[in-house]
file upload-v6.txt (compact mmCIF, C-alpha atoms)
# COMPACT_ATOMS: atom_id res chain seq x y z
CA MET A 15 -102.91 14.09 -40.10
CA ARG A 16 -105.81 12.03 -38.84
CA GLU A 17 -107.21 8.71 -39.99
CA TYR A 18 -109.50 8.85 -43.01
CA PRO A 19 -112.00 6.00 -43.53
CA LEU A 20 -111.07 3.54 -46.26
CA SER A 21 -114.74 3.45 -47.30
CA ARG A 22 -114.45 7.09 -48.42
CA VAL A 23 -111.17 6.93 -50.35
CA PHE A 24 -113.06 6.90 -53.66
CA GLN A 25 -114.38 10.39 -52.86
CA LEU A 26 -110.82 11.74 -52.94
CA LEU A 27 -109.75 10.23 -56.26
CA GLU A 28 -112.98 10.11 -58.28
CA PRO A 29 -112.76 13.85 -59.11
CA GLY A 30 -109.50 13.17 -60.99
CA PRO A 31 -106.84 15.26 -59.23
CA THR A 32 -103.19 15.21 -60.20
CA VAL A 33 -101.33 13.47 -57.36
CA LEU A 34 -97.86 12.76 -56.04
CA LEU A 35 -96.61 9.20 -55.58
CA THR A 36 -93.85 8.41 -53.09
CA THR A 37 -91.73 5.27 -52.85
CA ALA A 38 -88.80 4.17 -50.72
CA GLN A 39 -86.19 1.53 -51.39
CA ALA A 40 -83.06 0.74 -49.39
CA GLY A 41 -83.49 3.84 -47.24
CA CYS A 42 -83.85 6.13 -50.23
CA ALA A 43 -87.21 7.79 -50.83
CA ASN A 44 -88.47 9.36 -54.04
CA VAL A 45 -91.53 11.20 -55.31
CA MET A 46 -93.12 11.55 -58.75
CA THR A 47 -96.12 13.33 -60.23
CA MET A 48 -99.00 11.30 -61.66
CA SER A 49 -102.27 12.13 -63.44
CA TRP A 50 -103.15 8.75 -64.91
CA LEU A 51 -105.04 6.94 -62.15
CA MET A 52 -108.59 5.89 -61.34
CA MET A 53 -110.69 4.16 -58.71
CA MET A 54 -111.60 0.51 -59.32
CA GLU A 55 -113.41 -0.62 -56.16
CA PHE A 56 -115.01 1.04 -53.14
CA GLU A 57 -113.88 -1.14 -50.22
CA PRO A 58 -111.33 -2.37 -49.80
CA PRO A 59 -110.35 0.55 -52.02
CA LEU A 60 -108.61 -0.48 -55.21
CA LEU A 61 -107.19 1.88 -57.78
CA ALA A 62 -105.31 1.58 -61.04
CA CYS A 63 -102.42 3.80 -62.07
CA LEU A 64 -99.79 4.09 -64.76
CA VAL A 65 -96.17 4.35 -63.66
CA SER A 66 -93.92 4.27 -66.70
CA SER A 67 -90.93 1.97 -66.62
CA SER A 68 -88.92 5.05 -67.65
CA ASN A 69 -89.69 6.65 -64.27
CA HIS A 70 -87.11 6.16 -61.52
CA SER A 71 -90.04 5.31 -59.18
CA PHE A 72 -90.94 2.24 -61.26
CA THR A 73 -87.99 0.24 -59.89
CA ALA A 74 -88.84 0.95 -56.25
CA LEU A 75 -92.57 0.34 -56.75
CA THR A 76 -91.89 -2.97 -58.48
CA ALA A 77 -89.33 -4.10 -55.89
CA THR A 78 -91.12 -3.03 -52.69
CA ARG A 79 -94.74 -3.28 -53.93
CA GLN A 80 -95.53 -0.28 -51.70
CA CYS A 81 -96.16 3.42 -52.24
CA VAL A 82 -98.07 6.43 -50.94
CA ILE A 83 -100.43 8.49 -53.08
CA ALA A 84 -100.55 12.06 -51.76
CA ILE A 85 -103.11 14.59 -52.97
CA PRO A 86 -101.73 18.12 -53.21
CA PRO A 87 -103.75 21.30 -52.72
CA ALA A 88 -103.82 23.74 -55.65
CA SER A 89 -101.34 25.99 -53.83
CA LEU A 90 -98.67 23.31 -54.33
CA ALA A 91 -99.12 23.26 -58.13
CA PRO A 92 -95.74 24.74 -59.16
CA THR A 93 -93.95 22.19 -56.96
CA VAL A 94 -96.05 19.37 -58.40
CA VAL A 95 -94.90 20.33 -61.89
CA ASP A 96 -91.26 20.68 -60.83
CA VAL A 97 -91.38 17.22 -59.19
CA GLY A 98 -92.66 15.84 -62.50
CA ASN A 99 -89.81 17.35 -64.49
CA CYS A 100 -86.96 16.02 -62.41
CA SER A 101 -85.59 12.52 -61.78
CA GLY A 102 -85.02 10.97 -58.38
CA ALA A 103 -82.00 9.29 -59.95
CA LYS A 104 -80.26 12.67 -59.93
CA VAL A 105 -81.91 14.80 -57.24
CA ASP A 106 -83.28 14.37 -53.71
CA LYS A 107 -86.58 15.97 -54.62
CA PHE A 108 -87.81 16.28 -51.02
CA THR A 109 -84.87 18.53 -50.19
CA ALA A 110 -84.81 20.31 -53.53
CA PHE A 111 -88.49 21.26 -53.32
CA GLY A 112 -88.90 21.57 -49.55
CA LEU A 113 -91.35 18.70 -49.12
CA THR A 114 -91.95 17.40 -45.60
CA VAL A 115 -91.72 13.62 -45.23
CA LEU A 116 -93.65 11.91 -42.45
CA PRO A 117 -93.53 8.20 -41.56
CA ALA A 118 -96.35 6.01 -42.85
CA SER A 119 -97.84 3.30 -40.65
CA GLN A 120 -98.03 0.31 -42.97
CA VAL A 121 -95.63 1.00 -45.83
CA GLY A 122 -92.04 2.17 -46.15
CA ALA A 123 -92.84 5.07 -48.48
CA PRO A 124 -93.32 8.45 -46.75
CA LEU A 125 -96.41 10.61 -46.34
CA LEU A 126 -96.14 14.22 -47.54
CA GLY A 127 -96.91 16.89 -44.98
CA GLU A 128 -97.95 19.48 -47.58
CA CYS A 129 -100.67 17.20 -49.02
CA PHE A 130 -104.21 17.17 -47.58
CA ALA A 131 -104.61 13.42 -48.03
CA ASN A 132 -102.15 10.53 -48.01
CA LEU A 133 -103.05 7.01 -49.08
CA GLU A 134 -100.77 4.14 -48.08
CA CYS A 135 -100.89 1.53 -50.85
CA ARG A 136 -99.71 -1.97 -51.63
CA VAL A 137 -99.57 -3.51 -55.11
CA ALA A 138 -102.58 -5.82 -55.30
CA ASP A 139 -102.21 -7.02 -58.88
CA ASP A 140 -99.32 -6.69 -61.33
CA THR A 141 -100.86 -8.70 -64.18
CA LEU A 142 -100.67 -5.76 -66.61
CA VAL A 143 -97.44 -4.15 -65.41
CA GLY A 144 -95.35 -5.93 -68.02
CA LYS A 145 -97.60 -5.00 -70.93
CA TYR A 146 -98.82 -1.50 -69.98
CA ASN A 147 -97.02 -0.40 -66.76
CA LEU A 148 -100.50 -0.62 -65.17
CA PHE A 149 -100.42 -1.18 -61.41
CA ILE A 150 -103.47 -2.12 -59.37
CA LEU A 151 -103.08 -0.83 -55.81
CA GLU A 152 -105.01 -1.46 -52.62
CA VAL A 153 -105.22 1.42 -50.19
CA VAL A 154 -104.44 -0.11 -46.79
CA GLN A 155 -104.42 3.06 -44.66
CA ALA A 156 -105.57 6.61 -45.37
CA TRP A 157 -104.88 9.95 -43.69
CA CYS A 158 -106.23 13.45 -44.08
CA ASP A 159 -105.27 16.91 -42.87
CA SER A 160 -107.38 17.65 -39.79
CA SER A 161 -107.47 21.33 -40.71
CA TRP A 162 -109.98 20.43 -43.45
CA PRO A 163 -113.03 19.15 -41.52
CA GLY A 164 -114.98 19.08 -44.79
CA LEU A 165 -112.97 16.03 -45.84
CA LEU A 166 -114.70 13.96 -43.14
CA SER A 167 -118.13 15.58 -43.39
CA SER A 168 -121.17 14.21 -45.22
CA ASP A 169 -122.76 17.65 -45.60
CA PRO A 170 -123.18 18.44 -49.32
CA GLU A 171 -122.17 22.02 -48.47
CA ARG A 172 -118.85 20.84 -46.98
CA VAL A 173 -115.79 22.84 -48.00
CA LEU A 174 -113.12 20.77 -49.76
CA PRO A 175 -109.55 21.76 -50.67
CA LYS A 176 -109.04 22.92 -54.24
CA THR A 177 -107.24 20.38 -56.39
CA ILE A 178 -105.42 20.59 -59.73
CA HIS A 179 -106.39 18.76 -62.92
CA HIS A 180 -103.79 18.55 -65.67
CA ASN A 181 -104.82 19.49 -69.18
CA GLY A 182 -101.80 17.53 -70.40
CA ASP A 183 -99.95 20.61 -71.67
CA GLY A 184 -98.55 22.28 -68.56
CA THR A 185 -101.81 24.05 -67.84
CA PHE A 186 -104.12 22.93 -65.04
CA ARG A 187 -107.73 23.55 -64.15
CA VAL A 188 -108.28 24.28 -60.48
CA SER A 189 -111.46 22.78 -59.04
CA GLY A 190 -114.05 25.54 -58.75
CA GLU A 191 -117.65 25.88 -57.66
CA THR A 192 -119.52 22.92 -56.19
CA LEU A 193 -122.76 21.66 -57.72
CA ASN A 194 -125.02 19.92 -55.24
CA LEU A 195 -127.03 17.38 -57.23
CA LYS A 196 -127.81 15.04 -54.34
CA ASP A 197 -131.53 15.45 -55.03
CA HIS A 198 -130.89 13.80 -58.44
CA MET A 199 -129.07 10.87 -56.81
CA VAL A 200 -132.21 8.79 -56.47
CA LYS A 201 -133.49 6.08 -58.75
CA TRP A 202 -135.46 7.59 -61.59
CA PRO A 203 -139.18 6.70 -61.07
CA GLU A 204 -139.46 4.48 -64.16
CA CYS A 205 -136.46 2.49 -62.93
CA LEU A 206 -137.78 1.56 -59.52
CA MET B 4 -118.57 18.14 -84.73
CA ARG B 5 -115.15 18.19 -86.36
CA GLU B 6 -112.28 15.72 -86.23
CA TYR B 7 -110.09 15.89 -83.15
CA PRO B 8 -106.52 14.55 -83.38
CA LEU B 9 -105.98 11.19 -81.70
CA SER B 10 -102.62 12.48 -80.45
CA ARG B 11 -104.46 14.98 -78.23
CA VAL B 12 -107.12 12.69 -76.74
CA PHE B 13 -105.18 12.46 -73.47
CA GLN B 14 -105.68 16.21 -72.97
CA LEU B 15 -109.44 15.65 -72.75
CA LEU B 16 -109.40 12.82 -70.21
CA GLU B 17 -106.32 13.55 -68.09
CA PRO B 18 -108.18 16.27 -66.09
CA GLY B 19 -110.59 13.58 -64.82
CA PRO B 20 -114.05 14.65 -66.01
CA THR B 21 -117.18 12.61 -65.41
CA VAL B 22 -118.25 11.25 -68.82
CA LEU B 23 -121.09 9.48 -70.57
CA LEU B 24 -120.59 6.13 -72.28
CA THR B 25 -122.86 5.02 -75.10
CA THR B 26 -123.31 1.54 -76.54
CA ALA B 27 -125.57 -0.04 -79.15
CA GLN B 28 -126.62 -3.63 -79.59
CA ALA B 29 -129.19 -5.08 -81.96
CA GLY B 30 -130.40 -1.61 -82.93
CA CYS B 31 -130.88 -0.55 -79.35
CA ALA B 32 -128.63 2.19 -77.98
CA ASN B 33 -127.98 3.01 -74.35
CA VAL B 34 -126.02 5.52 -72.30
CA MET B 35 -124.50 5.42 -68.81
CA THR B 36 -122.55 7.78 -66.57
CA MET B 37 -118.95 6.98 -65.65
CA SER B 38 -116.30 8.58 -63.45
CA TRP B 39 -113.83 5.73 -63.09
CA LEU B 40 -111.56 6.01 -66.13
CA MET B 41 -108.00 7.05 -66.93
CA MET B 42 -105.57 7.44 -69.81
CA MET B 43 -103.03 4.66 -70.37
CA GLU B 44 -101.18 5.61 -73.56
CA PHE B 45 -100.78 8.69 -75.74
CA GLU B 46 -101.00 7.33 -79.28
CA PRO B 47 -102.73 5.28 -80.29
CA PRO B 48 -104.77 6.52 -77.32
CA LEU B 49 -105.55 3.80 -74.80
CA LEU B 50 -107.70 4.26 -71.73
CA ALA B 51 -108.93 2.08 -68.90
CA CYS B 52 -112.45 2.23 -67.47
CA LEU B 53 -114.66 0.39 -65.04
CA VAL B 54 -118.07 -0.72 -66.29
CA SER B 55 -119.75 -2.81 -63.65
CA SER B 56 -121.36 -6.06 -64.72
CA SER B 57 -124.45 -4.80 -62.90
CA ASN B 58 -124.79 -2.01 -65.51
CA HIS B 59 -127.07 -2.70 -68.46
CA SER B 60 -124.30 -1.29 -70.71
CA PHE B 61 -121.92 -4.08 -69.67
CA THR B 62 -123.70 -6.64 -71.86
CA ALA B 63 -123.58 -4.47 -74.98
CA LEU B 64 -119.97 -3.42 -74.41
CA THR B 65 -118.90 -7.03 -73.92
CA ALA B 66 -120.85 -8.29 -76.93
CA THR B 67 -120.03 -5.54 -79.45
CA ARG B 68 -116.62 -4.49 -78.07
CA GLN B 69 -117.49 -0.92 -79.12
CA CYS B 70 -118.60 2.24 -77.34
CA VAL B 71 -118.41 6.03 -77.42
CA ILE B 72 -117.11 8.12 -74.55
CA ALA B 73 -118.76 11.54 -74.62
CA ILE B 74 -117.56 14.43 -72.43
CA PRO B 75 -120.39 16.62 -71.16
CA PRO B 76 -120.11 20.33 -70.40
CA ALA B 77 -120.93 21.41 -66.85
CA SER B 78 -124.31 22.72 -68.03
CA LEU B 79 -125.39 19.12 -68.65
CA ALA B 80 -124.65 18.05 -65.06
CA PRO B 81 -128.24 17.36 -63.89
CA THR B 82 -128.82 15.15 -66.95
CA VAL B 83 -125.53 13.33 -66.34
CA VAL B 84 -126.71 12.45 -62.82
CA ASP B 85 -130.16 11.40 -64.02
CA VAL B 86 -128.59 9.14 -66.67
CA GLY B 87 -126.56 7.53 -63.90
CA ASN B 88 -129.60 6.79 -61.77
CA CYS B 89 -131.66 5.05 -64.39
CA SER B 90 -131.30 1.75 -66.24
CA GLY B 91 -131.40 1.31 -70.01
CA ALA B 92 -133.15 -1.97 -69.32
CA LYS B 93 -136.25 0.03 -68.37
CA VAL B 94 -136.00 3.42 -70.08
CA ASP B 95 -134.89 4.84 -73.43
CA LYS B 96 -132.65 7.39 -71.78
CA PHE B 97 -132.01 9.39 -74.97
CA THR B 98 -135.72 10.15 -75.26
CA ALA B 99 -136.30 10.51 -71.53
CA PHE B 100 -133.52 13.05 -71.12
CA GLY B 101 -133.61 14.72 -74.53
CA LEU B 102 -130.15 13.64 -75.67
CA THR B 103 -129.32 14.00 -79.37
CA VAL B 104 -127.81 10.91 -80.97
CA LEU B 105 -125.54 11.30 -83.99
CA PRO B 106 -124.01 8.48 -86.05
CA ALA B 107 -120.40 7.56 -85.32
CA SER B 108 -118.04 6.73 -88.16
CA GLN B 109 -116.29 3.58 -86.95
CA VAL B 110 -118.48 2.12 -84.23
CA GLY B 111 -122.15 1.32 -83.84
CA ALA B 112 -122.61 3.31 -80.63
CA PRO B 113 -123.89 6.87 -81.11
CA LEU B 114 -122.19 10.21 -80.52
CA LEU B 115 -124.00 12.66 -78.23
CA GLY B 116 -124.76 16.08 -79.70
CA GLU B 117 -124.82 17.83 -76.33
CA CYS B 118 -121.25 16.74 -75.50
CA PHE B 119 -118.24 18.83 -76.57
CA ALA B 120 -116.10 15.78 -77.34
CA ASN B 121 -116.95 12.27 -78.50
CA LEU B 122 -114.43 9.42 -78.58
CA GLU B 123 -115.21 6.33 -80.65
CA CYS B 124 -113.67 3.33 -78.90
CA ARG B 125 -113.02 -0.37 -79.39
CA VAL B 126 -112.16 -2.83 -76.64
CA ALA B 127 -108.40 -3.40 -76.96
CA ASP B 128 -107.87 -5.74 -74.02
CA ASP B 129 -110.36 -7.59 -71.85
CA THR B 130 -107.85 -9.47 -69.69
CA LEU B 131 -109.16 -7.95 -66.45
CA VAL B 132 -112.86 -7.72 -67.33
CA GLY B 133 -113.66 -11.00 -65.62
CA LYS B 134 -111.86 -10.15 -62.40
CA TYR B 135 -112.50 -6.39 -62.04
CA ASN B 136 -114.86 -5.26 -64.86
CA LEU B 137 -111.83 -3.31 -66.13
CA PHE B 138 -111.95 -2.57 -69.87
CA ILE B 139 -108.98 -1.27 -71.85
CA LEU B 140 -110.23 0.77 -74.80
CA GLU B 141 -108.51 2.17 -77.86
CA VAL B 142 -109.85 5.46 -79.19
CA VAL B 143 -110.11 4.95 -82.95
CA GLN B 144 -111.78 8.25 -83.91
CA ALA B 145 -112.33 11.47 -81.99
CA TRP B 146 -114.62 14.45 -82.54
CA CYS B 147 -115.01 17.84 -80.91
CA ASP B 148 -117.55 20.63 -80.99
CA SER B 149 -116.28 23.23 -83.47
CA SER B 150 -117.84 26.01 -81.41
CA TRP B 151 -114.98 25.53 -78.92
CA PRO B 152 -111.84 26.51 -80.90
CA GLY B 153 -109.81 26.29 -77.69
CA LEU B 154 -110.10 22.49 -77.85
CA LEU B 155 -107.84 22.47 -80.92
CA SER B 156 -105.55 25.31 -79.88
CA SER B 157 -102.07 24.99 -78.34
CA ASP B 158 -102.23 28.42 -76.75
CA PRO B 159 -101.91 28.07 -72.94
CA GLU B 160 -104.54 30.83 -72.67
CA ARG B 161 -107.05 28.80 -74.71
CA VAL B 162 -110.57 28.70 -73.36
CA LEU B 163 -111.83 25.19 -72.61
CA PRO B 164 -115.36 24.05 -71.72
CA LYS B 165 -116.05 23.62 -68.02
CA THR B 166 -116.30 19.98 -66.97
CA ILE B 167 -117.72 18.23 -63.91
CA HIS B 168 -115.77 16.12 -61.43
CA HIS B 169 -117.73 13.85 -59.13
CA ASN B 170 -116.96 13.95 -55.42
CA GLY B 171 -118.63 10.55 -55.19
CA ASP B 172 -121.56 11.79 -53.13
CA GLY B 173 -123.84 13.56 -55.61
CA THR B 174 -121.83 16.77 -55.45
CA PHE B 175 -119.51 17.81 -58.24
CA ARG B 176 -116.66 20.28 -58.59
CA VAL B 177 -116.83 22.34 -61.76
CA SER B 178 -113.46 23.05 -63.35
CA GLY B 179 -112.48 26.60 -62.49
CA GLU B 180 -109.54 28.92 -63.12
CA THR B 181 -106.64 27.82 -65.32
CA LEU B 182 -103.08 27.77 -64.01
CA ASN B 183 -100.47 28.19 -66.73
CA LEU B 184 -97.36 26.38 -65.52
CA LYS B 185 -95.83 25.76 -68.93
CA ASP B 186 -92.68 27.58 -67.84
CA HIS B 187 -92.20 24.83 -65.23
CA MET B 188 -92.57 22.09 -67.88
CA VAL B 189 -88.86 21.95 -68.61
CA LYS B 190 -86.28 19.59 -67.22
CA TRP B 191 -85.01 20.82 -63.90
CA PRO B 192 -81.36 21.95 -64.37
CA GLU B 193 -79.81 19.25 -62.16
CA CYS B 194 -81.68 16.62 -64.19
CA LEU B 195 -80.34 17.53 -67.62
call {"tool": "encode", "arguments": {"input": "upload-v6.txt", "output": "structure tokens"}}
result
Amino acid sequence: MREYPLSRVFQLLEPGPTVLLTTAQAGCANVMTMSWLMMMEFEPPLLACLVSSSNHSFTALTATRQCVIAIPPASLAPTVVDVGNCSGAKVDKFTAFGLTVLPASQVGAPLLGECFANLECRVADDTLVGKYNLFILEVVQAWCDSSWPGLLSSDPERVLPKTIHHNGDGTFRVSGETLNLKDHMVKWPECL
Amino acid sequence: MREYPLSRVFQLLEPGPTVLLTTAQAGCANVMTMSWLMMMEFEPPLLACLVSSSNHSFTALTATRQCVIAIPPASLAPTVVDVGNCSGAKVDKFTAFGLTVLPASQVGAPLLGECFANLECRVADDTLVGKYNLFILEVVQAWCDSSWPGLLSSDPERVLPKTIHHNGDGTFRVSGETLNLKDHMVKWPECL
């Protein structure tokens, strides 16, 4: 894992991957699967996510106000689904599913060694937690797998890990071909 | 376009596609591109999205409290980027980019004929608009393109339109192969 710039965190989450969320409370860590999240601000990076109060992770996230969002490669998809169909109240999911925990630098929740990016987060705003279970998180430290140099490149031809995108029914789309539309990313003439 | 069940709206947005958002105010419609959105509730379907106050659409969305979220197929990607790099304050984007507007049933904003799904929305909660430009929308009516029967199917082998997922730098990943992990979508034995 190497440091990933906070200014680029939005590039990891904007495509909409399904992610894992880890927490830790009183020496006991847990991990859940999450698809309902979005970016809210570039830098400092803010994101919103839904963690249901019926999830075991809700208690730890609310109490500690810390978590890690880990982005799994497509190869981890079966494990991601298993993690989402199992409760940390009954199972140590890291052991059960062979996930490697690594210490974070700024939060108590662990990083996941099998994920190509890990985002250390603190709860920045809990205004809508009571009504909707909506947490607003600030990413305070980010890491990426150094074996994917494309993650830190600005080349539009960079190679990025494949991610999974949940269709909400147990099927996932894997990210496929890349479209380079950078030449369209300029102000349209009439709008200058 | 045919009716799409509100109970299945989450299946369209959970994969994280880049979308178009239309508004209409005082007889003048507009469209913008948006990648920062997420589901919040299954039914009635609630979603959160970020519409910056620097966007021309912000004024209409705030004033009318109505919009349409339209999901473009990957083939529309260049237009989606052009729409995002142009302001409705200066250009009629529907004419400029050849987008077909169709009347919605419950909101004043138009549906987009080139998009395979159109979600008519009302602002359900504006608590965090002032602080973050975060709108919570309720989908009150949904439509899908009848030429994609997979959209209404429950078969895990159903064929879905390809969508685009913005890497935040003018490049997009197109949704690729489907992973069917329905057999993992059962409670893990130790968690029963």
call {"tool": "closest_residue", "arguments": {"input": "upload-v6.txt", "among": "B:Phe45, B:Phe119, B:Tyr135, B:Trp39", "to": "B:Cys147", "atoms": "all atoms listed in the file"}}
result
B:Phe119
call {"tool": "residues_around", "arguments": {"input": "upload-v6.txt", "residues": "B:Ser57", "least_positions_apart": "6", "cutoff": "12 Å", "atoms": "all atoms listed in the file", "output": "list in words"}}
result
Met35, Ser90, Gly91, Ala92 and Asn136 of chain B
call {"tool": "residues_around", "arguments": {"input": "upload-v6.txt", "residues": "stretch 29-33 of chain A", "least_positions_apart": "6", "cutoff": "6 Å", "atoms": "only C-alpha atoms", "output": "ChimeraX atom specification"}}
result
/A:47-49,84-85,177-179 /B:19,168-170
call {"tool": "residues_around", "arguments": {"input": "upload-v6.txt", "residues": "B:Thr82", "least_positions_apart": "6", "cutoff": "10 Å", "atoms": "only C-alpha atoms", "output": "list in words"}}
result
His198 of chain A; Thr36, Pro75, Asn88, Lys96, Ala99, Phe100, Gly101 and Leu102 of chain B
call {"tool": "closest_residue", "arguments": {"input": "upload-v6.txt", "among": "A:Ser189, A:Thr36, A:Ser21, A:Thr109", "to": "A:Ala74", "atoms": "only C-alpha atoms"}}
result
A:Thr36
call {"tool": "atom_distance", "arguments": {"input": "upload-v6.txt", "atom1": "atom CA of A:Glu152", "atom2": "atom CA of A:Val137"}}
result
6.3 Å
call {"tool": "interface_residues", "arguments": {"input": "upload-v6.txt", "of": "chain B", "to": "chain A", "cutoff": "8 Å", "atoms": "all atoms listed in the file", "output": "MDAnalysis selection string"}}
result
chainID B and resid 13:15 17:21 38:43 53 81 84:85 88:90 93:94 135 137 159 168:191 193:194
call {"tool": "closest_residue", "arguments": {"input": "upload-v6.txt", "among": "B:Ile139, B:Cys124, B:Leu23, B:Val132", "to": "B:Phe61", "atoms": "all atoms listed in the file"}}
result
B:Val132
call {"tool": "atom_distance", "arguments": {"input": "upload-v6.txt", "atom1": "atom CA of A:Ser160", "atom2": "atom CA of A:Arg16"}}
result
5.9 Å
call {"tool": "residues_around", "arguments": {"input": "upload-v6.txt", "residues": "B:Ala66", "least_positions_apart": "6", "cutoff": "10 Å", "atoms": "all atoms listed in the file", "output": "list in words"}}
result
Ala27, Gln28 and Ser60 of chain B
call {"tool": "atom_distance", "arguments": {"input": "upload-v6.txt", "atom1": "atom CA of A:Leu151", "atom2": "atom CA of A:Gly41"}}
result
21.9 Å
call {"tool": "residues_around", "arguments": {"input": "upload-v6.txt", "residues": "B:Glu123", "least_positions_apart": "4", "cutoff": "12 Å", "atoms": "only C-alpha atoms", "output": "PyMOL selection string"}}
result
chain B and resi 6-7+9+12+24-26+48-50+68-74+105-115+140-147
call {"tool": "decode", "arguments": {"input": "upload-v6.txt", "residues": "stretch 12-23 of chain B", "atoms": "C-alpha atoms", "output": "mmCIF file, in the first residue's frame"}}
result
data_model
loop_
_atom_site.group_PDB
_atom_site.id
_atom_site.type_symbol
_atom_site.label_atom_id
_atom_site.label_comp_id
_atom_site.auth_asym_id
_atom_site.auth_seq_id
_atom_site.Cartn_x
_atom_site.Cartn_y
_atom_site.Cartn_z
ATOM 1 C CA VAL B 12 -35.679 1.642 -9.291
ATOM 2 C CA PHE B 13 -32.731 0.803 -7.033
ATOM 3 C CA GLN B 14 -31.587 -1.796 -9.572
ATOM 4 C CA LEU B 15 -31.035 0.980 -12.118
ATOM 5 C CA LEU B 16 -28.993 3.316 -9.917
ATOM 6 C CA GLU B 17 -27.148 0.959 -7.570
ATOM 7 C CA PRO B 18 -24.541 0.091 -10.273
ATOM 8 C CA GLY B 19 -23.456 3.760 -10.294
ATOM 9 C CA PRO B 20 -24.059 4.990 -13.854
ATOM 10 C CA THR B 21 -23.445 8.558 -14.948
ATOM 11 C CA VAL B 22 -26.886 10.097 -15.599
ATOM 12 C CA LEU B 23 -28.561 13.139 -17.083
#
